[in-house]
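Participant: File follows, entry-v1.cif with mmCIF, C-alpha atoms:
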data_start
loop_
_atom_site.group_PDB
_atom_site.id
_atom_site.type_symbol
_atom_site.label_atom_id
_atom_site.label_comp_id
_atom_site.auth_asym_id
_atom_site.auth_seq_id
_atom_site.Cartn_x
_atom_site.Cartn_y
_atom_site.Cartn_z
ATOM 1 C CA MET A 23 0.000 0.000 0.000
ATOM 2 C CA ASP A 24 2.809 2.456 0.876
ATOM 3 C CA ASN A 25 4.494 1.840 -2.469
ATOM 4 C CA MET A 26 1.210 2.482 -4.271
ATOM 5 C CA VAL A 27 0.750 5.763 -2.385
ATOM 6 C CA ASP A 28 4.285 6.820 -3.292
ATOM 7 C CA ARG A 29 3.685 6.105 -6.976
ATOM 8 C CA VAL A 30 0.419 8.042 -6.921
ATOM 9 C CA ASN A 31 2.007 11.034 -5.178
ATOM 10 C CA HIS A 32 4.976 11.201 -7.532
ATOM 11 C CA GLY A 33 2.824 10.877 -10.597
ATOM 12 C CA SER A 34 0.041 13.214 -9.555
ATOM 13 C CA GLY A 35 1.780 16.529 -10.205
ATOM 14 C CA GLY A 36 1.516 17.431 -6.498
ATOM 15 C CA SER A 37 4.010 19.178 -4.242
ATOM 16 C CA ASP A 38 6.792 16.683 -4.986
ATOM 17 C CA SER A 39 6.878 17.780 -8.630
ATOM 18 C CA ALA A 40 8.151 21.194 -7.563
ATOM 19 C CA ARG A 41 11.106 19.852 -5.658
ATOM 20 C CA PRO A 42 13.597 19.587 -8.555
ATOM 21 C CA GLY A 43 13.036 23.240 -9.402
ATOM 22 C CA ASP A 44 13.298 24.272 -5.774
ATOM 23 C CA ALA A 45 16.541 22.333 -5.428
ATOM 24 C CA ARG A 46 18.006 24.046 -8.480
ATOM 25 C CA ARG A 47 17.050 27.454 -7.176
ATOM 26 C CA ASP A 48 18.553 26.614 -3.801
ATOM 27 C CA ARG A 49 21.805 25.466 -5.425
ATOM 28 C CA TRP A 50 21.915 28.629 -7.526
ATOM 29 C CA ARG A 51 21.281 30.807 -4.501
ATOM 30 C CA LYS A 52 24.067 29.089 -2.550
ATOM 31 C CA HIS A 53 26.359 29.422 -5.565
ATOM 32 C CA ARG A 54 25.731 33.159 -5.780
ATOM 33 C CA ILE A 55 26.309 33.608 -2.037
ATOM 34 C CA ALA A 56 29.581 31.687 -2.270
ATOM 35 C CA ARG A 57 30.640 33.583 -5.393
ATOM 36 C CA ARG A 58 29.882 36.919 -3.761
ATOM 37 C CA ALA A 59 31.953 35.916 -0.728
ATOM 38 C CA GLU A 60 34.854 35.043 -3.046
ATOM 39 C CA PHE A 61 34.659 38.504 -4.588
ATOM 40 C CA VAL A 62 34.685 40.138 -1.154
ATOM 41 C CA GLU A 63 37.876 38.239 -0.297
ATOM 42 C CA ALA A 64 39.320 39.379 -3.627
ATOM 43 C CA ALA A 65 38.404 42.956 -2.716
ATOM 44 C CA LEU A 66 40.330 42.556 0.554
ATOM 45 C CA ARG A 67 43.394 41.442 -1.424
ATOM 46 C CA ALA A 68 42.979 44.383 -3.782
ATOM 47 C CA LEU A 69 42.764 46.719 -0.790
ATOM 48 C CA ASP A 70 46.058 45.369 0.516
ATOM 49 C CA GLU A 71 47.687 46.051 -2.840
ATOM 50 C CA HIS A 72 46.080 49.302 -3.962
ATOM 51 C CA GLY A 73 44.893 50.943 -0.762
ATOM 52 C CA PRO A 74 41.557 52.683 -0.160
ATOM 53 C CA GLU A 75 41.715 54.332 -3.602
ATOM 54 C CA LEU A 76 41.146 51.031 -5.384
ATOM 55 C CA GLY A 77 38.523 50.800 -8.108
ATOM 56 C CA MET A 78 36.151 48.097 -9.240
ATOM 57 C CA GLU A 79 38.610 47.146 -11.969
ATOM 58 C CA ASP A 80 41.187 46.373 -9.275
ATOM 59 C CA VAL A 81 38.721 44.115 -7.501
ATOM 60 C CA ALA A 82 37.810 42.382 -10.768
ATOM 61 C CA ALA A 83 41.496 41.815 -11.567
ATOM 62 C CA ALA A 84 42.134 40.369 -8.099
ATOM 63 C CA ALA A 85 39.160 38.035 -8.593
ATOM 64 C CA GLY A 86 40.269 37.033 -12.099
ATOM 65 C CA VAL A 87 37.034 38.210 -13.738
ATOM 66 C CA THR A 88 35.826 41.143 -15.789
ATOM 67 C CA LYS A 89 33.965 44.112 -14.335
ATOM 68 C CA PRO A 90 30.649 43.028 -15.929
ATOM 69 C CA VAL A 91 30.933 39.696 -14.104
ATOM 70 C CA LEU A 92 31.606 41.538 -10.856
ATOM 71 C CA TYR A 93 28.554 43.744 -11.371
ATOM 72 C CA ARG A 94 26.365 40.665 -11.701
ATOM 73 C CA HIS A 95 26.949 40.093 -7.999
ATOM 74 C CA PHE A 96 27.038 43.696 -6.729
ATOM 75 C CA GLU A 97 24.576 46.369 -7.718
ATOM 76 C CA ASP A 98 27.160 49.125 -7.511
ATOM 77 C CA LYS A 99 30.183 50.333 -5.533
ATOM 78 C CA SER A 100 28.031 51.030 -2.490
ATOM 79 C CA ASP A 101 26.872 47.418 -2.469
ATOM 80 C CA LEU A 102 30.467 46.174 -2.472
ATOM 81 C CA TYR A 103 31.336 48.705 0.242
ATOM 82 C CA LEU A 104 28.560 47.319 2.448
ATOM 83 C CA ALA A 105 29.716 43.762 1.777
ATOM 84 C CA LEU A 106 33.249 44.753 2.791
ATOM 85 C CA GLY A 107 31.829 46.391 5.903
ATOM 86 C CA GLN A 108 29.946 43.238 6.808
ATOM 87 C CA ARG A 109 33.088 41.149 6.320
ATOM 88 C CA GLY A 110 35.134 43.572 8.403
ATOM 89 C CA THR A 111 32.588 43.369 11.214
ATOM 90 C CA GLU A 112 32.682 39.581 11.055
ATOM 91 C CA ILE A 113 36.474 39.546 11.296
ATOM 92 C CA LEU A 114 36.440 41.950 14.246
ATOM 93 C CA PHE A 115 33.687 40.209 16.189
ATOM 94 C CA GLU A 116 35.176 36.750 15.574
ATOM 95 C CA ARG A 117 38.173 37.914 17.583
ATOM 96 C CA LEU A 118 36.579 40.387 19.948
ATOM 97 C CA ILE A 119 33.747 38.245 21.325
ATOM 98 C CA PRO A 120 35.971 35.426 22.662
ATOM 99 C CA ALA A 121 38.341 38.025 24.116
ATOM 100 C CA ILE A 122 35.628 40.015 25.899
ATOM 101 C CA ASN A 123 34.057 36.838 27.254
ATOM 102 C CA ALA A 124 37.274 35.101 28.266
ATOM 103 C CA GLU A 125 37.205 33.721 31.796
ATOM 104 C CA LEU A 126 40.345 35.576 32.784
ATOM 105 C CA ALA A 127 41.412 37.973 35.506
ATOM 106 C CA PRO A 128 40.399 41.601 34.839
ATOM 107 C CA VAL A 129 43.687 42.914 33.443
ATOM 108 C CA PRO A 130 44.433 39.948 31.148
ATOM 109 C CA ARG A 131 40.841 40.122 29.915
ATOM 110 C CA ILE A 132 41.145 43.830 29.105
ATOM 111 C CA ARG A 133 44.484 43.251 27.414
ATOM 112 C CA MET A 134 43.114 40.385 25.320
ATOM 113 C CA ALA A 135 40.118 42.414 24.132
ATOM 114 C CA LEU A 136 42.302 45.368 23.171
ATOM 115 C CA ASP A 137 44.740 43.134 21.342
ATOM 116 C CA ALA A 138 41.863 41.614 19.371
ATOM 117 C CA PHE A 139 40.896 45.054 18.053
ATOM 118 C CA PHE A 140 44.453 46.170 17.303
ATOM 119 C CA SER A 141 45.312 42.882 15.607
ATOM 120 C CA VAL A 142 42.420 43.381 13.172
ATOM 121 C CA ILE A 143 43.292 46.944 12.212
ATOM 122 C CA GLU A 144 46.961 45.993 11.958
ATOM 123 C CA GLU A 145 46.182 43.164 9.537
ATOM 124 C CA HIS A 146 43.550 45.111 7.565
ATOM 125 C CA PRO A 147 44.560 48.798 7.795
ATOM 126 C CA ASN A 148 43.243 49.728 4.363
ATOM 127 C CA LEU A 149 39.890 48.094 5.042
ATOM 128 C CA TYR A 150 39.546 50.189 8.194
ATOM 129 C CA ARG A 151 40.555 53.364 6.326
ATOM 130 C CA LEU A 152 38.071 52.641 3.532
ATOM 131 C CA LEU A 153 35.202 52.069 5.950
ATOM 132 C CA ALA A 154 36.119 55.027 8.159
ATOM 133 C CA ARG A 155 36.018 57.549 5.332
ATOM 134 C CA LYS A 156 32.606 56.254 4.090
ATOM 135 C CA SER A 157 33.378 56.226 0.380
ATOM 136 C CA PHE A 158 34.401 53.829 -2.350
ATOM 137 C CA THR A 159 36.699 55.629 -4.822
ATOM 138 C CA ASP A 160 34.748 58.745 -5.815
ATOM 139 C CA ARG A 161 31.375 57.608 -4.489
ATOM 140 C CA PRO A 162 30.297 58.482 -0.928
ATOM 141 C CA VAL A 163 27.989 56.013 0.807
ATOM 142 C CA ASP A 164 25.282 56.599 3.362
ATOM 143 C CA ALA A 165 26.264 53.741 5.683
ATOM 144 C CA ASP A 166 28.702 54.372 8.513
ATOM 145 C CA VAL A 167 30.007 50.909 9.313
ATOM 146 C CA VAL A 168 32.593 52.091 11.831
ATOM 147 C CA ALA A 169 30.030 54.124 13.784
ATOM 148 C CA GLU A 170 27.588 51.199 13.773
ATOM 149 C CA ASP A 171 30.206 48.816 15.112
ATOM 150 C CA LYS A 172 31.222 51.338 17.770
ATOM 151 C CA GLN A 173 27.615 51.571 18.927
ATOM 152 C CA VAL A 174 27.225 47.792 19.097
ATOM 153 C CA ILE A 175 30.434 47.400 21.087
ATOM 154 C CA ALA A 176 29.632 50.311 23.417
ATOM 155 C CA THR A 177 26.163 48.906 24.082
ATOM 156 C CA ALA A 178 27.609 45.493 24.878
ATOM 157 C CA LEU A 179 30.276 47.023 27.097
ATOM 158 C CA THR A 180 27.624 49.058 28.911
ATOM 159 C CA ALA A 181 25.784 45.860 29.773
ATOM 160 C CA LEU A 182 28.982 44.115 30.828
ATOM 161 C CA LEU A 183 30.175 46.949 33.085
ATOM 162 C CA GLY A 184 26.683 47.408 34.506
ATOM 163 C CA ASP A 185 26.468 43.735 35.419
ATOM 164 C CA TYR A 186 29.765 43.861 37.279
ATOM 165 C CA MET A 187 28.919 47.111 39.042
ATOM 166 C CA ARG A 188 25.613 45.715 40.272
ATOM 167 C CA MET A 189 27.396 42.546 41.361
ATOM 168 C CA LEU A 190 29.662 44.735 43.505
ATOM 169 C CA ASN A 191 26.642 46.668 44.860
ATOM 170 C CA MET A 192 27.696 49.828 43.020
ATOM 171 C CA ASP A 193 25.578 52.347 41.138
ATOM 172 C CA SER A 194 25.619 51.160 37.539
ATOM 173 C CA GLY A 195 24.639 54.559 36.152
ATOM 174 C CA ALA A 196 28.255 55.199 35.167
ATOM 175 C CA ALA A 197 28.364 52.132 32.930
ATOM 176 C CA GLU A 198 27.073 53.808 29.767
ATOM 177 C CA PRO A 199 29.321 56.904 29.730
ATOM 178 C CA TRP A 200 32.239 54.721 30.762
ATOM 179 C CA ALA A 201 31.580 52.317 27.908
ATOM 180 C CA HIS A 202 31.301 55.035 25.274
ATOM 181 C CA GLY A 203 34.377 56.758 26.656
ATOM 182 C CA ILE A 204 36.428 53.582 26.516
ATOM 183 C CA VAL A 205 35.294 52.706 22.979
ATOM 184 C CA GLY A 206 35.980 56.239 21.750
ATOM 185 C CA MET A 207 39.414 56.306 23.358
ATOM 186 C CA VAL A 208 40.370 52.953 21.869
ATOM 187 C CA GLN A 209 39.161 53.911 18.391
ATOM 188 C CA ASN A 210 40.915 57.275 18.400
ATOM 189 C CA THR A 211 44.102 55.681 19.660
ATOM 190 C CA GLY A 212 43.813 53.020 16.980
ATOM 191 C CA GLU A 213 43.503 55.616 14.219
ATOM 192 C CA TRP A 214 46.478 57.533 15.603
ATOM 193 C CA TRP A 215 48.509 54.322 15.798
ATOM 194 C CA LEU A 216 47.642 53.297 12.234
ATOM 195 C CA ASP A 217 48.812 56.697 11.014
ATOM 196 C CA LYS A 218 51.971 57.100 13.105
ATOM 197 C CA ARG A 219 53.180 53.598 14.035
ATOM 198 C CA THR A 220 55.613 55.058 16.566
ATOM 199 C CA MET A 221 55.345 52.006 18.818
ATOM 200 C CA SER A 222 54.587 48.314 18.602
ATOM 201 C CA ARG A 223 51.105 46.856 18.873
ATOM 202 C CA ASP A 224 52.048 45.234 22.164
ATOM 203 C CA SER A 225 53.125 48.593 23.586
ATOM 204 C CA VAL A 226 49.997 50.523 22.642
ATOM 205 C CA VAL A 227 47.801 47.673 23.917
ATOM 206 C CA GLU A 228 49.678 47.653 27.225
ATOM 207 C CA TYR A 229 49.384 51.424 27.687
ATOM 208 C CA LEU A 230 45.642 51.338 27.046
ATOM 209 C CA THR A 231 45.249 48.353 29.363
ATOM 210 C CA ARG A 232 46.881 50.317 32.189
ATOM 211 C CA ILE A 233 44.679 53.363 31.606
ATOM 212 C CA ILE A 234 41.446 51.373 31.571
ATOM 213 C CA TRP A 235 42.363 49.303 34.601
ATOM 214 C CA ALA A 236 43.464 52.411 36.532
ATOM 215 C CA ALA A 237 39.991 53.900 35.991
ATOM 216 C CA ILE A 238 38.232 50.722 37.101
ATOM 217 C CA ASP A 239 40.525 50.230 40.093
ATOM 218 C CA GLY A 240 40.116 53.842 41.188
ATOM 219 C CA LEU A 241 36.318 53.725 41.130
ATOM 220 C CA VAL A 242 36.204 50.418 42.999
ATOM 221 C CA ARG A 243 38.587 51.715 45.676
ATOM 222 C CA GLN A 244 36.370 54.767 46.164
ATOM 223 C CA HIS A 245 33.690 52.314 47.280
ATOM 224 C CA GLY A 246 35.994 50.635 49.777
ATOM 225 C CA MET A 247 36.799 47.572 47.698
ATOM 226 C CA VAL A 248 39.978 46.216 46.156
ATOM 227 C CA LEU A 249 40.054 43.893 43.165
ATOM 228 C CA ASP A 250 43.046 41.740 42.344
ATOM 229 C CA PRO A 251 43.893 42.584 38.708
ATOM 230 C CA ASP A 252 45.373 39.119 38.203
ATOM 231 C CA LYS A 253 42.658 37.038 39.862
ATOM 232 C CA PRO A 254 39.479 36.020 37.986
ATOM 233 C CA LEU A 255 36.247 37.354 39.442
ATOM 234 C CA ASP A 256 33.772 34.936 40.978
ATOM 235 C CA ALA A 257 31.188 35.477 38.232
ATOM 236 C CA ASN A 258 31.920 35.608 34.543
ATOM 237 C CA LYS A 259 29.579 38.040 32.798
ATOM 238 C CA VAL A 260 29.043 37.322 29.118
ATOM 239 C CA VAL A 261 27.968 39.542 26.225
ATOM 240 C CA GLN A 262 26.714 38.825 22.743
ATOM 241 C CA LEU A 263 27.544 41.139 19.848
ATOM 242 C CA ARG A 264 25.245 41.363 16.845
ATOM 243 C CA PRO A 265 25.852 43.761 13.949
ATOM 244 C CA THR A 266 23.119 46.389 13.637
ATOM 245 C CA ARG A 267 23.066 45.895 9.870
ATOM 246 C CA ALA A 268 21.301 42.604 10.427
ATOM 247 C CA ALA A 269 17.570 43.166 10.476
ATOM 248 C CA ASP A 270 16.743 44.933 13.734
ATOM 249 C CA ALA A 271 19.534 43.051 15.498
ATOM 250 C CA THR A 272 20.267 44.021 19.070
ATOM 251 C CA THR A 273 23.058 43.587 21.533
ATOM 252 C CA ALA A 274 22.147 41.585 24.570
ATOM 253 C CA SER A 275 23.945 40.946 27.798
ATOM 254 C CA GLU A 276 23.669 37.522 29.323
ATOM 255 C CA THR A 277 24.920 36.937 32.833
ATOM 256 C CA THR A 278 25.969 33.777 34.498
ATOM 257 C CA GLY A 279 26.121 33.449 38.246
ATOM 258 C CA THR A 280 29.240 31.316 38.276
ATOM 259 C CA LYS A 281 31.826 30.188 35.824
ATOM 260 C CA GLU A 282 30.419 26.687 35.899
ATOM 261 C CA GLY A 283 27.092 28.057 34.636
ATOM 262 C CA SER A 284 28.533 30.083 31.773
#
Could you quickly redo this structure as structure tokens?

Facilitator:
Amino acid sequence: MDNMVDRVNHGSGGSDSARPGDARRDRWRKHRIARRAEFVEAALRALDEHGPELGMEDVAAAAGVTKPVLYRHFEDKSDLYLALGQRGTEILFERLIPAINAELAPVPRIRMALDAFFSVIEEHPNLYRLLARKSFTDRPVDADVVAEDKQVIATALTALLGDYMRMLNMDSGAAEPWAHGIVGMVQNTGEWWLDKRTMSRDSVVEYLTRIIWAAIDGLVRQHGMVLDPDKPLDANKVVQLRPTRAADATTASETTGTKEGS
């Protein structure tokens, strides 16, 4: 009986008859996504070679295709700019999230997070410069990828600092201005460092680590407490970063009472 039902269903022109077409469309969609990702990686290589002034012809050459082929996958320069911005955000968050959420003592955790940011801009300086100036060759774009990422990180850091301040029975009202101040300081220092390169990455990361820890340590001491900079805290607070360019994505803070529960 089951075999008879199967034969009837397959021969009846029902929903199964649409599956081959759906499968082809799905394969084509996946192919285009993969091809577009290949072109973005080619654009990163072109950026390394030509700098932020690169043109679409440079990207096409790096990808081994013609410009018309490239334009089949990107509507215009702005579309490629946004794709590069998305890839840059992915690269940054892939390194930053594990660093921010590492179950380390305060100072090593700060140092690791800072090094994650500086390692990305050191490896992809021209990508950062392209995104920061909000233009692709001679065409300005409306999106501000750097500002969006700053907001996501500052929001996540606000939640993280607020969680720790409440854990220590402190007023968490300072968390938001602190977070935005820290993010702004790190970004400005990063831009200065990319331009000047008067010291090593390790040195600039260490200087910023000391500044940030000094601020945290000073505030905690004002409330009669002392934290060991090299001893992990009892609770590991965890954040999740989501790019705002994803549809209505938000940044959430998730807390865990103990390390075992994280």

Participant: Give one line per residue of range 66-101 of chain A that approaches range 44-56 of chain A to at most 12 Å, naming the two atoms of the closest pair and their distance in Å to one decimal, counting all atoms listed in the file; sort by chain then ascending residue number and deliver it as a Markdown table.

Facilitator:
| residue | atom | partner | partner_atom | distance |
| --- | --- | --- | --- | --- |
| A:Val91 | CA | A:Arg54 | CA | 11.8 |
| A:Leu92 | CA | A:Arg54 | CA | 11.4 |
| A:Arg94 | CA | A:Arg54 | CA | 9.6 |
| A:His95 | CA | A:Arg54 | CA | 7.4 |
| A:Phe96 | CA | A:Arg54 | CA | 10.7 |

Participant: Report as a PDB file with C-alpha atoms, keeping the file's coordinate frame the full result of the PyMOL selection byres ((chain A and resi 80) around 12) when it is applied to this structure.

Facilitator:
ATOM      1  CA  PHE A  61      34.659  38.504  -4.588  1.00  0.00           C
ATOM      2  CA  ALA A  64      39.320  39.379  -3.627  1.00  0.00           C
ATOM      3  CA  ALA A  65      38.404  42.956  -2.716  1.00  0.00           C
ATOM      4  CA  LEU A  66      40.330  42.556   0.554  1.00  0.00           C
ATOM      5  CA  ARG A  67      43.394  41.442  -1.424  1.00  0.00           C
ATOM      6  CA  ALA A  68      42.979  44.383  -3.782  1.00  0.00           C
ATOM      7  CA  LEU A  69      42.764  46.719  -0.790  1.00  0.00           C
ATOM      8  CA  ASP A  70      46.058  45.369   0.516  1.00  0.00           C
ATOM      9  CA  GLU A  71      47.687  46.051  -2.840  1.00  0.00           C
ATOM     10  CA  HIS A  72      46.080  49.302  -3.962  1.00  0.00           C
ATOM     11  CA  GLY A  73      44.893  50.943  -0.762  1.00  0.00           C
ATOM     12  CA  PRO A  74      41.557  52.683  -0.160  1.00  0.00           C
ATOM     13  CA  GLU A  75      41.715  54.332  -3.602  1.00  0.00           C
ATOM     14  CA  LEU A  76      41.146  51.031  -5.384  1.00  0.00           C
ATOM     15  CA  GLY A  77      38.523  50.800  -8.108  1.00  0.00           C
ATOM     16  CA  MET A  78      36.151  48.097  -9.240  1.00  0.00           C
ATOM     17  CA  GLU A  79      38.610  47.146 -11.969  1.00  0.00           C
ATOM     18  CA  VAL A  81      38.721  44.115  -7.501  1.00  0.00           C
ATOM     19  CA  ALA A  82      37.810  42.382 -10.768  1.00  0.00           C
ATOM     20  CA  ALA A  83      41.496  41.815 -11.567  1.00  0.00           C
ATOM     21  CA  ALA A  84      42.134  40.369  -8.099  1.00  0.00           C
ATOM     22  CA  ALA A  85      39.160  38.035  -8.593  1.00  0.00           C
ATOM     23  CA  GLY A  86      40.269  37.033 -12.099  1.00  0.00           C
ATOM     24  CA  VAL A  87      37.034  38.210 -13.738  1.00  0.00           C
ATOM     25  CA  THR A  88      35.826  41.143 -15.789  1.00  0.00           C
ATOM     26  CA  LYS A  89      33.965  44.112 -14.335  1.00  0.00           C
ATOM     27  CA  LEU A  92      31.606  41.538 -10.856  1.00  0.00           C
ATOM     28  CA  THR A 159      36.699  55.629  -4.822  1.00  0.00           C
TER      29      THR A 159
END

Participant: Would you list the contacts of range 232-236 of chain A as a list in words, taking every protein, DNA or RNA residue within 9 Å and counting only C-alpha atoms, but skipping same-chain residues closer than 2 positions in sequence?

Facilitator: Pro128, Val129, Ile132, Arg133, Ile204, Val227, Glu228, Tyr229, Leu230, Ile238, Asp239, Gly240, Leu241 and Pro251 of chain A

Participant: Please write the residues picked by the PyMOL selection byres ((chain A and resi 164) around 12) on this file as an MDAnalysis selection string.

Facilitator: chainID A and resid 99:101 103:104 153:158 161:163 165:167 169:170

Participant: Can you list, as a PyMOL selection string, every protein, DNA or RNA residue that comes within 10 Å of range 219-224 of chain A when you count all atoms listed in the file, leaving out same-chain residues fewer than 6 positions away?

Facilitator: chain A and resi 133+136-137+140-141+144+212-213

Participant: So how many Å separate CA of Met192 in chain A and CA of Ala135 in chain A, to one decimal?

Facilitator: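 CA of Met192 in chain A sits 23.8 Å away from CA of Ala135 in chain A.
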
Participant: Give as an mmCIF file with C-alpha atoms, in the coordinates of the input the residues that the PyMOL selection byres ((chain A and resi 172) around 12) matches when applied to the coordinates above.

Facilitator:
data_model
loop_
_atom_site.group_PDB
_atom_site.id
_atom_site.type_symbol
_atom_site.label_atom_id
_atom_site.label_comp_id
_atom_site.auth_asym_id
_atom_site.auth_seq_id
_atom_site.Cartn_x
_atom_site.Cartn_y
_atom_site.Cartn_z
ATOM 1 C CA THR A 111 32.588 43.369 11.214
ATOM 2 C CA LEU A 114 36.440 41.950 14.246
ATOM 3 C CA PHE A 115 33.687 40.209 16.189
ATOM 4 C CA PHE A 139 40.896 45.054 18.053
ATOM 5 C CA ALA A 154 36.119 55.027 8.159
ATOM 6 C CA ASP A 166 28.702 54.372 8.513
ATOM 7 C CA VAL A 167 30.007 50.909 9.313
ATOM 8 C CA VAL A 168 32.593 52.091 11.831
ATOM 9 C CA ALA A 169 30.030 54.124 13.784
ATOM 10 C CA GLU A 170 27.588 51.199 13.773
ATOM 11 C CA ASP A 171 30.206 48.816 15.112
ATOM 12 C CA GLN A 173 27.615 51.571 18.927
ATOM 13 C CA VAL A 174 27.225 47.792 19.097
ATOM 14 C CA ILE A 175 30.434 47.400 21.087
ATOM 15 C CA ALA A 176 29.632 50.311 23.417
ATOM 16 C CA THR A 177 26.163 48.906 24.082
ATOM 17 C CA ALA A 178 27.609 45.493 24.878
ATOM 18 C CA LEU A 179 30.276 47.023 27.097
ATOM 19 C CA THR A 180 27.624 49.058 28.911
ATOM 20 C CA ALA A 201 31.580 52.317 27.908
ATOM 21 C CA HIS A 202 31.301 55.035 25.274
ATOM 22 C CA GLY A 203 34.377 56.758 26.656
ATOM 23 C CA ILE A 204 36.428 53.582 26.516
ATOM 24 C CA VAL A 205 35.294 52.706 22.979
ATOM 25 C CA GLY A 206 35.980 56.239 21.750
ATOM 26 C CA MET A 207 39.414 56.306 23.358
ATOM 27 C CA VAL A 208 40.370 52.953 21.869
ATOM 28 C CA GLN A 209 39.161 53.911 18.391
ATOM 29 C CA ASN A 210 40.915 57.275 18.400
ATOM 30 C CA LEU A 263 27.544 41.139 19.848
ATOM 31 C CA ARG A 264 25.245 41.363 16.845
ATOM 32 C CA PRO A 265 25.852 43.761 13.949
ATOM 33 C CA THR A 266 23.119 46.389 13.637
ATOM 34 C CA THR A 273 23.058 43.587 21.533
#

Participant: Quick check, in Å to one decimal: how far apart do CA of Asn258 in chain A and CA of Arg243 in chain A lie?

Facilitator: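 These atoms are spaced 20.7 Å apart.
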
Participant: Enter the distance from CA of Thr231 in chain A to CA of Leu149 in chain A, in Å, rounded to one decimal.

Facilitator: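 These two atoms are separated by 24.9 Å.
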
Participant: Tell me which of A:Ala196, A:Val142, A:Leu183, A:Val261 sits closest to Glu112 in chain A, counting only C-alpha atoms.

Facilitator: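 Checking each candidate against Glu112 in chain A, we get A:Val142 as the closest.
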
Participant: Rank nothing, just name the residue among A:Arg41, A:Glu116, A:Gln108, A:Leu126 nearest to Asp256 in chain A, using only C-alpha atoms.

Facilitator: A:Leu126

Participant: Find the residues near Ala121 in chain A: any atom within 8 Å, counting only C-alpha atoms, skip ones fewer than 4 places away on the same chain, and give them as a list in words.

Facilitator: Arg117, Arg131, Met134, Ala135 and Ala138 of chain A

Participant: From the set A:Ile143, A:Ile122, A:Leu152, A:Leu190, which residue has the shortest atom-to-atom contact distance to Leu249 in chain A, counting all atoms listed in the file?

Facilitator: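 Nearest to Leu249 in chain A: A:Leu190.
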